[in-house]
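Data file: input-v6.tsv. Format and content: TSV, C-alpha atoms.
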```
chain	number	residue	atom	x	y	z
A	1	MET	CA	-18.46	-15.46	-0.68
A	2	ALA	CA	-14.75	-15.70	0.16
A	3	GLU	CA	-13.73	-14.51	3.61
A	4	SER	CA	-10.46	-13.39	5.18
A	5	ASP	CA	-10.09	-13.13	8.97
A	6	GLY	CA	-13.87	-13.14	9.28
A	7	GLN	CA	-14.31	-10.34	6.74
A	8	GLU	CA	-15.96	-10.77	3.37
A	9	LYS	CA	-13.91	-9.95	0.29
A	10	THR	CA	-16.24	-7.41	-1.24
A	11	GLU	CA	-13.73	-4.94	-2.74
A	12	GLN	CA	-12.21	-5.11	-6.21
A	13	ALA	CA	-8.44	-5.62	-6.37
A	14	THR	CA	-6.42	-2.42	-6.36
A	15	SER	CA	-3.82	-1.65	-9.01
A	16	LYS	CA	-1.09	-2.47	-6.48
A	17	ARG	CA	-2.59	-5.91	-5.80
A	18	LEU	CA	-2.90	-6.55	-9.55
A	19	ASP	CA	0.74	-5.53	-10.15
A	20	GLU	CA	1.97	-7.77	-7.32
A	21	SER	CA	-0.05	-10.67	-8.70
A	22	ARG	CA	1.41	-10.15	-12.16
A	23	GLU	CA	4.96	-10.05	-10.80
A	24	LYS	CA	4.33	-13.43	-9.15
A	25	GLY	CA	3.10	-14.87	-12.45
A	26	GLN	CA	-0.51	-15.04	-11.25
A	27	VAL	CA	-2.46	-13.89	-14.30
A	28	ALA	CA	-5.76	-14.78	-15.94
A	29	LYS	CA	-4.53	-17.24	-18.52
A	30	SER	CA	-6.33	-20.14	-20.19
A	31	THR	CA	-4.29	-23.13	-21.34
A	32	GLU	CA	-7.21	-24.01	-23.60
A	33	ILE	CA	-6.51	-20.86	-25.65
A	34	ASN	CA	-2.94	-22.04	-26.20
A	35	SER	CA	-4.16	-25.52	-27.12
A	36	LEU	CA	-6.72	-24.05	-29.52
A	37	ALA	CA	-4.10	-21.83	-31.19
A	38	ILE	CA	-1.77	-24.81	-31.66
A	39	PHE	CA	-4.64	-26.99	-32.86
A	40	LEU	CA	-5.84	-24.46	-35.47
A	41	SER	CA	-2.29	-23.70	-36.63
A	42	GLY	CA	-1.54	-27.39	-37.13
A	43	LEU	CA	-4.83	-27.81	-38.95
A	44	MET	CA	-4.08	-24.93	-41.32
A	45	ILE	CA	-0.63	-26.34	-42.09
A	46	ILE	CA	-2.13	-29.73	-42.91
A	47	TYR	CA	-4.85	-28.13	-45.05
A	48	PHE	CA	-2.51	-25.98	-47.17
A	49	TYR	CA	0.29	-28.55	-47.46
A	50	LYS	CA	-1.76	-31.75	-47.52
A	51	THR	CA	-0.77	-32.52	-51.13
A	52	ASP	CA	2.96	-32.24	-50.37
A	53	ILE	CA	2.60	-34.18	-47.13
A	54	GLY	CA	0.57	-36.88	-48.86
A	55	GLU	CA	3.19	-37.29	-51.59
A	56	LYS	CA	6.03	-37.65	-49.08
A	57	ILE	CA	4.16	-40.15	-46.91
A	58	SER	CA	3.11	-42.12	-50.02
A	59	TRP	CA	6.70	-42.26	-51.27
A	60	LEU	CA	7.94	-43.45	-47.87
A	61	ALA	CA	5.23	-46.13	-47.61
A	62	THR	CA	5.86	-47.31	-51.17
A	63	TYR	CA	9.63	-47.37	-50.62
A	64	ILE	CA	9.32	-49.51	-47.49
A	65	PHE	CA	6.55	-51.92	-48.45
A	66	SER	CA	7.63	-52.48	-52.08
A	67	SER	CA	10.90	-54.07	-51.02
A	68	LEU	CA	9.81	-56.06	-47.98
A	69	ASP	CA	9.96	-59.38	-49.87
A	70	LYS	CA	13.55	-58.72	-50.96
A	71	LEU	CA	14.95	-57.58	-47.62
A	72	GLU	CA	17.17	-59.75	-45.49
A	73	LEU	CA	16.27	-58.34	-42.10
A	74	ASN	CA	19.06	-57.93	-39.58
A	75	VAL	CA	19.94	-55.52	-36.82
A	76	ASN	CA	22.13	-53.27	-38.97
A	77	LEU	CA	19.53	-52.98	-41.72
A	78	LEU	CA	16.79	-52.14	-39.23
A	79	GLN	CA	18.98	-49.45	-37.73
A	80	VAL	CA	19.61	-47.92	-41.18
A	81	TYR	CA	15.91	-47.95	-42.07
A	82	SER	CA	14.97	-46.54	-38.66
A	83	ALA	CA	17.46	-43.70	-39.03
A	84	LYS	CA	16.30	-42.91	-42.58
A	85	GLY	CA	12.66	-43.06	-41.53
A	86	PHE	CA	13.28	-40.78	-38.55
A	87	VAL	CA	15.16	-38.19	-40.63
A	88	TYR	CA	12.50	-38.30	-43.33
A	89	PHE	CA	9.71	-37.95	-40.77
A	90	LEU	CA	11.56	-35.09	-39.09
A	91	SER	CA	11.94	-33.28	-42.43
A	92	ILE	CA	8.15	-33.48	-42.81
A	93	MET	CA	7.26	-32.51	-39.23
A	94	ALA	CA	10.00	-29.93	-38.47
A	95	PRO	CA	8.03	-27.02	-40.00
A	96	PHE	CA	5.03	-28.12	-37.89
A	97	PHE	CA	7.03	-28.05	-34.65
A	98	ILE	CA	8.62	-24.67	-35.37
A	99	VAL	CA	5.34	-23.01	-36.30
A	100	LEU	CA	3.49	-24.55	-33.35
A	101	MET	CA	6.16	-23.40	-30.90
A	102	VAL	CA	5.94	-19.83	-32.21
A	103	VAL	CA	2.14	-19.94	-32.11
A	104	SER	CA	2.18	-21.21	-28.51
A	105	LEU	CA	4.37	-18.28	-27.42
A	106	ALA	CA	2.22	-15.82	-29.38
A	107	ALA	CA	-0.96	-17.16	-27.76
A	108	GLY	CA	0.48	-16.63	-24.29
A	109	PHE	CA	1.64	-13.14	-25.22
A	110	ALA	CA	-1.82	-12.29	-26.59
A	111	GLN	CA	-3.44	-13.20	-23.26
A	112	VAL	CA	-1.13	-11.55	-20.73
A	113	GLY	CA	1.35	-9.46	-22.73
A	114	PHE	CA	5.13	-9.77	-22.62
A	115	HIS	CA	6.06	-10.34	-18.99
A	116	PHE	CA	8.63	-12.63	-17.43
A	117	ALA	CA	7.76	-13.38	-13.80
A	118	PHE	CA	11.03	-14.09	-12.00
A	119	LYS	CA	9.24	-14.50	-8.67
A	120	ALA	CA	7.28	-17.44	-10.07
A	121	LEU	CA	10.60	-19.26	-10.67
A	122	ALA	CA	11.98	-18.56	-7.21
A	123	PRO	CA	12.46	-21.79	-5.18
A	124	LYS	CA	10.08	-22.30	-2.27
A	125	ALA	CA	10.36	-24.89	0.48
A	126	SER	CA	6.64	-25.70	0.16
A	127	LYS	CA	7.19	-26.81	-3.44
A	128	PHE	CA	9.57	-29.55	-2.26
A	129	ASN	CA	7.29	-30.82	0.49
A	130	PRO	CA	5.68	-34.06	-0.79
A	131	VAL	CA	2.76	-33.82	1.65
A	132	SER	CA	1.93	-30.25	0.60
A	133	GLY	CA	2.39	-31.20	-3.04
A	134	LEU	CA	0.03	-34.19	-2.69
A	135	LYS	CA	-2.62	-32.02	-1.03
A	136	ARG	CA	-2.22	-29.37	-3.71
A	137	VAL	CA	-2.55	-31.90	-6.53
A	138	MET	CA	-5.14	-34.27	-5.12
A	139	PHE	CA	-7.32	-32.33	-2.72
A	140	SER	CA	-7.29	-28.65	-3.68
A	141	SER	CA	-10.37	-27.02	-5.20
A	142	HIS	CA	-8.26	-25.99	-8.20
A	143	SER	CA	-7.35	-29.63	-8.90
A	144	VAL	CA	-10.97	-30.73	-8.61
A	145	VAL	CA	-12.07	-28.05	-11.06
A	146	GLU	CA	-9.30	-28.90	-13.54
A	147	VAL	CA	-10.05	-32.63	-13.41
A	148	THR	CA	-13.76	-31.96	-13.86
A	149	LYS	CA	-13.03	-29.70	-16.84
A	150	SER	CA	-10.81	-32.35	-18.42
A	151	ILE	CA	-13.45	-35.06	-18.01
A	152	ILE	CA	-16.19	-32.87	-19.48
A	153	LYS	CA	-13.92	-31.88	-22.37
A	154	LEU	CA	-12.98	-35.51	-23.03
A	155	VAL	CA	-16.62	-36.66	-22.99
A	156	ILE	CA	-17.79	-33.86	-25.31
A	157	ILE	CA	-15.00	-34.37	-27.85
A	158	SER	CA	-15.29	-38.19	-27.70
A	159	LEU	CA	-19.04	-38.13	-28.39
A	160	PHE	CA	-18.57	-35.56	-31.13
A	161	ALA	CA	-15.73	-37.59	-32.69
A	162	TYR	CA	-17.78	-40.80	-32.64
A	163	TRP	CA	-20.72	-39.00	-34.24
A	164	ILE	CA	-18.48	-37.67	-37.05
A	165	LEU	CA	-16.36	-40.79	-37.62
A	166	SER	CA	-19.12	-43.38	-37.51
A	167	ASP	CA	-19.81	-42.97	-41.25
A	168	THR	CA	-16.10	-42.68	-42.07
A	169	ILE	CA	-15.38	-46.04	-40.44
A	170	VAL	CA	-17.92	-47.68	-42.76
A	171	GLN	CA	-16.38	-45.96	-45.80
A	172	SER	CA	-12.86	-47.08	-44.85
A	173	VAL	CA	-13.77	-50.74	-45.52
A	174	GLY	CA	-13.36	-50.10	-49.24
A	175	LEU	CA	-9.77	-48.88	-48.86
A	176	VAL	CA	-8.43	-52.39	-49.56
A	177	ASP	CA	-8.99	-51.77	-53.28
A	178	PHE	CA	-7.24	-48.37	-53.28
A	179	SER	CA	-3.65	-47.58	-54.19
A	180	VAL	CA	-1.22	-46.28	-51.59
A	181	GLU	CA	-1.59	-42.71	-52.92
A	182	GLU	CA	-5.38	-42.94	-52.75
A	183	ILE	CA	-5.34	-44.35	-49.22
A	184	VAL	CA	-3.04	-41.58	-47.99
A	185	SER	CA	-5.15	-38.94	-49.76
A	186	PHE	CA	-8.33	-40.36	-48.19
A	187	MET	CA	-6.75	-40.38	-44.72
A	188	ILE	CA	-5.52	-36.79	-44.99
A	189	ASP	CA	-8.83	-35.46	-46.39
A	190	THR	CA	-10.78	-37.27	-43.70
A	191	THR	CA	-8.44	-35.99	-41.01
A	192	VAL	CA	-8.78	-32.38	-42.19
A	193	LYS	CA	-12.59	-32.57	-42.30
A	194	PHE	CA	-12.68	-34.18	-38.88
A	195	LEU	CA	-10.30	-31.66	-37.31
A	196	TRP	CA	-12.22	-28.67	-38.71
A	197	LYS	CA	-15.39	-29.90	-37.03
A	198	VAL	CA	-13.56	-30.66	-33.78
A	199	ALA	CA	-12.01	-27.16	-33.93
A	200	LEU	CA	-15.47	-25.58	-33.84
A	201	VAL	CA	-16.27	-27.47	-30.65
A	202	TYR	CA	-12.88	-26.61	-29.16
A	203	ILE	CA	-13.39	-22.91	-29.88
A	204	ALA	CA	-16.49	-22.97	-27.68
A	205	ILE	CA	-14.58	-24.86	-24.96
A	206	ALA	CA	-11.62	-22.46	-25.08
A	207	ALA	CA	-13.85	-19.36	-25.00
A	208	SER	CA	-15.73	-20.71	-21.99
A	209	ASP	CA	-12.51	-21.55	-20.16
A	210	PHE	CA	-10.99	-18.14	-20.89
A	211	ALA	CA	-14.10	-16.40	-19.48
A	212	TYR	CA	-13.97	-18.68	-16.42
A	213	GLN	CA	-10.25	-17.96	-15.82
A	214	LYS	CA	-10.90	-14.22	-16.01
A	215	PHE	CA	-13.76	-14.51	-13.54
A	216	LYS	CA	-11.79	-16.76	-11.15
A	217	HIS	CA	-8.69	-14.55	-11.25
A	218	LYS	CA	-10.75	-11.47	-10.50
A	219	LYS	CA	-12.56	-13.23	-7.65
A	220	ASP	CA	-9.35	-14.64	-6.12
A	221	LEU	CA	-7.79	-11.17	-5.98
A	222	MET	CA	-10.75	-9.47	-4.30
A	223	MET	CA	-9.94	-7.76	-1.01
A	224	THR	CA	-11.61	-7.03	2.30
A	225	LYS	CA	-12.27	-3.44	3.36
A	226	GLN	CA	-9.51	-3.80	5.97
A	227	GLU	CA	-6.99	-4.94	3.35
A	228	VAL	CA	-7.81	-1.90	1.21
A	229	LYS	CA	-7.32	0.39	4.23
A	230	GLU	CA	-3.99	-1.24	5.11
A	231	GLU	CA	-2.76	-0.92	1.55
A	232	PHE	CA	-3.80	2.74	1.48
A	233	LYS	CA	-1.83	3.31	4.68
A	234	GLN	CA	1.24	1.68	3.17
A	235	GLN	CA	1.02	3.78	0.02
A	236	GLU	CA	-0.02	7.10	1.52
A	237	GLY	CA	1.42	6.62	4.98
A	238	ASP	CA	-0.29	6.03	8.30
A	239	PRO	CA	-2.33	9.18	9.12
A	240	ALA	CA	-1.11	9.07	12.74
A	241	VAL	CA	2.52	8.86	11.63
A	242	LYS	CA	2.02	11.56	9.01
A	243	GLY	CA	0.45	13.77	11.67
A	244	LYS	CA	3.45	13.34	13.98
A	245	ILE	CA	5.88	14.05	11.15
A	246	LYS	CA	3.95	17.17	10.20
A	247	GLN	CA	3.91	18.28	13.82
A	248	LYS	CA	7.70	17.85	14.11
A	249	GLN	CA	8.20	19.74	10.86
A	250	MET	CA	6.09	22.60	12.17
A	251	ILE	CA	8.07	22.70	15.42
A	252	MET	CA	11.38	22.77	13.53
A	253	ALA	CA	10.11	25.48	11.19
A	254	HIS	CA	8.87	27.45	14.20
A	255	ARG	CA	12.28	27.24	15.85
A	256	ARG	CA	14.07	28.36	12.67
A	257	MET	CA	11.66	31.26	12.34
A	258	MET	CA	12.21	32.40	15.92
A	259	LYS	CA	15.99	32.39	15.39
A	260	GLU	CA	15.49	34.97	12.61
A	261	VAL	CA	13.57	37.44	14.79
A	262	PRO	CA	16.70	38.91	16.50
A	263	LYS	CA	18.13	39.63	13.02
A	264	ALA	CA	15.01	41.58	11.92
A	265	ASP	CA	14.99	45.36	11.40
A	266	VAL	CA	11.45	45.86	12.67
A	267	VAL	CA	8.39	43.92	13.88
A	268	ILE	CA	5.03	45.20	12.66
A	269	THR	CA	2.16	44.48	15.12
A	270	ASN	CA	-1.55	45.22	15.21
A	271	PRO	CA	-0.80	45.30	18.35
A	272	THR	CA	-2.21	42.07	19.94
A	273	HIS	CA	-3.21	39.48	17.32
A	274	PHE	CA	-0.53	39.67	14.59
A	275	ALA	CA	3.22	40.21	14.43
A	276	VAL	CA	5.37	40.25	11.28
A	277	ALA	CA	9.18	40.59	11.43
A	278	LEU	CA	10.86	42.29	8.46
A	279	LYS	CA	14.49	42.43	7.38
A	280	TYR	CA	16.13	44.45	4.64
A	281	GLU	CA	19.78	44.26	3.55
A	282	MET	CA	20.63	47.31	1.46
A	283	GLY	CA	22.43	46.47	-1.78
A	284	LYS	CA	21.45	42.79	-1.54
A	285	ASP	CA	17.66	42.67	-1.28
A	286	SER	CA	15.38	44.29	-3.84
A	287	ALA	CA	12.67	44.67	-1.17
A	288	PRO	CA	12.23	43.95	2.55
A	289	LYS	CA	11.59	40.26	3.37
A	290	VAL	CA	9.34	38.59	5.91
A	291	VAL	CA	11.59	36.51	8.22
A	292	ALA	CA	8.91	35.60	10.80
A	293	LYS	CA	5.20	35.95	11.31
A	294	GLY	CA	2.56	34.67	13.71
A	295	ALA	CA	-0.83	35.15	15.26
A	296	ASP	CA	-1.97	35.24	18.85
A	297	LEU	CA	0.48	33.28	21.08
A	298	ILE	CA	3.13	33.07	18.35
A	299	ALA	CA	2.76	36.80	17.76
A	300	GLN	CA	3.32	37.45	21.47
A	301	LYS	CA	6.42	35.22	21.39
A	302	ILE	CA	7.82	37.14	18.39
A	303	LYS	CA	7.26	40.44	20.21
A	304	GLU	CA	8.89	39.06	23.35
A	305	ILE	CA	12.02	37.92	21.46
A	306	ALA	CA	12.12	41.24	19.60
A	307	LYS	CA	12.10	43.20	22.90
A	308	GLU	CA	14.86	40.99	24.35
A	309	ASN	CA	17.05	41.71	21.31
A	310	ASP	CA	16.21	45.42	20.96
A	311	VAL	CA	14.34	44.97	17.68
A	312	PRO	CA	11.93	47.93	17.23
A	313	LEU	CA	8.18	47.26	17.41
A	314	HIS	CA	5.84	49.33	15.26
A	315	GLU	CA	2.09	49.20	15.71
A	316	ASP	CA	0.02	49.37	12.50
A	317	VAL	CA	-3.21	47.37	12.48
A	318	TYR	CA	-3.86	47.45	8.74
A	319	LEU	CA	-0.25	46.85	7.68
A	320	ALA	CA	0.32	44.01	10.15
A	321	ARG	CA	-2.88	42.24	9.11
A	322	SER	CA	-2.12	42.73	5.39
A	323	LEU	CA	1.46	41.45	5.66
A	324	TYR	CA	0.33	38.39	7.63
A	325	LYS	CA	-2.30	37.41	5.04
A	326	MET	CA	-0.38	38.28	1.88
A	327	CYS	CA	3.14	37.02	2.69
A	328	GLU	CA	4.79	33.74	3.65
A	329	ILE	CA	8.14	33.30	5.36
A	330	GLY	CA	10.87	34.37	2.92
A	331	ASP	CA	8.55	36.43	0.70
A	332	GLU	CA	9.34	39.98	-0.26
A	333	VAL	CA	6.91	42.72	0.71
A	334	PRO	CA	4.33	43.13	-2.12
A	335	GLU	CA	4.45	46.25	-4.23
A	336	GLU	CA	1.22	47.70	-2.84
A	337	LEU	CA	2.63	47.65	0.72
A	338	PHE	CA	6.19	48.60	-0.16
A	339	GLN	CA	5.77	52.36	0.36
A	340	ALA	CA	4.26	51.96	3.83
A	341	VAL	CA	7.03	49.55	4.89
A	342	ALA	CA	9.72	51.79	3.37
A	343	GLN	CA	8.50	54.77	5.41
A	344	ILE	CA	8.64	52.70	8.61
A	345	LEU	CA	12.13	51.40	7.84
A	346	ALA	CA	13.33	54.91	6.98
A	347	TYR	CA	12.00	56.13	10.32
A	348	ILE	CA	13.71	53.21	12.14
A	349	TYR	CA	17.04	53.89	10.41
A	350	GLN	CA	16.74	57.60	11.26
A	351	LEU	CA	16.19	56.79	14.94
A	352	LYS	CA	19.18	54.42	14.94
A	353	ASN	CA	21.44	57.06	13.36
A	354	THR	CA	20.25	59.71	15.84
A	355	TYR	CA	20.93	57.29	18.70
A	356	LYS	CA	24.47	56.59	17.44
A	357	LYS	CA	25.24	60.31	17.13
A	358	THR	CA	23.96	60.95	20.67
A	359	ILE	CA	26.25	58.22	22.04
A	360	VAL	CA	29.27	59.58	20.14
```

Here is a file; write its structure as structure tokens.
Amino acid sequence: MAESDGQEKTEQATSKRLDESREKGQVAKSTEINSLAIFLSGLMIIYFYKTDIGEKISWLATYIFSSLDKLELNVNLLQVYSAKGFVYFLSIMAPFFIVLMVVSLAAGFAQVGFHFAFKALAPKASKFNPVSGLKRVMFSSHSVVEVTKSIIKLVIISLFAYWILSDTIVQSVGLVDFSVEEIVSFMIDTTVKFLWKVALVYIAIAASDFAYQKFKHKKDLMMTKQEVKEEFKQQEGDPAVKGKIKQKQMIMAHRRMMKEVPKADVVITNPTHFAVALKYEMGKDSAPKVVAKGADLIAQKIKEIAKENDVPLHEDVYLARSLYKMCEIGDEVPEELFQAVAQILAYIYQLKNTYKKTIV
């Protein structure tokens, strides 16, 4: 089993690892599937258009060989015949090349979808190192596997071809008595029959290679437990760092909350465990709001700041406990507690007004 830094790769690749691999152009793709698609497409073209192809090849052969005894061969004439033959051959084969190119692209798309990996095209210094290149080509496990596959494929197809063509070779002896059209027809029919049988063998080879490429790709991308943990930390954040950030956020929120206590109208206490500071701006707020709250030590700190800033303290065990549990900072007092809070605020405002009149 593959190992990394002494750890076994026992974990399946995460979605992040798969996406990174795809961006680099590392996908489970079998070249045998592409070859098979091209092979079958070419075979189908030959099968459906064999009559037309045979007629064109027969005409070209007849045209050339019927006038050989009359030709005065020279460089210019050979150039003319070569050009004509090339253009004629291209007119026959051009549809093949176009269809096969489209099929090759479609076969790749069918395996991995439409994806252009720019990272795979990026220049790397290692690619230009002849020593690294020689090791990669000659001595890597991938090269050994590919060479072995090619040899096995060549042996299988060669033996199969010999087994099929052995009788055809004997039959071809009688072609000397055939016309050009008959010879071409025999060659095309024999080729089609031969290629259909070879295609069946190649389907098995391509299917096996595709399954192997899937298995190998999946195995190569497997991860160690440590790699999975590190990736999780990168995605979700290091727990230690997240803890420190959360702690700082709590400290900042605590400081902001304490700055609001001096602005409060009243602090409701129970009297030792809970403290909730309330503020109400008449004409602006629809109900009193909680500007600070805390339990135990924080509650004592709120009470201390309230005393320093002459904010009234009101002891009410039930109300303090209820406000602490039901409200968050910035929330309005809930409807079921509104009457009790309103009575306290009314009493506080009455005391303040009485105090002002006494001073005046």

Point-to-point distance from CA of Ile38 in chain A to CA of Met101 in chain A, Å rounded to tenths
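That distance, rounded to one decimal, is 8.1 Å.
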
Give me the box for range 289-305 of chain A as JSON, namely the centre and edge lengths in Å to one decimal of a box along x, y and z that holds every listed atom plus 4 Å on each side.
```
{"center_x": 5.0, "center_y": 36.8, "center_z": 13.4, "size_x": 22.0, "size_y": 15.4, "size_z": 28.0}
```

Tell me, in Å to one decimal, how far CA of Leu18 in chain A is from CA of Val144 in chain A.
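Interatomic distance here is 25.5 Å.
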
Go through A:Asn353, A:Asn270, A:Ser185, A:Ser286 one by one, measure the shortest atom-to-atom distance of each to His314 in chain A using all atoms listed in the file, and give the residue with the smallest value.
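Closest to His314 in chain A, using all atoms listed in the file: A:Asn270.
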
So which residues are close to (-17.3, -32.5, -38.1), meaning at most 12 Å away in the file's coordinates with only C-alpha atoms counted, and can you show them as a ChimeraX atom specification?
/A:157,159-168,190-202

Contacts of range 87-100 of chain A at 8 Å (only C-alpha atoms; same-chain gap of 5+ positions) as a ChimeraX atom specification
/A:38,41-42,45,53,56
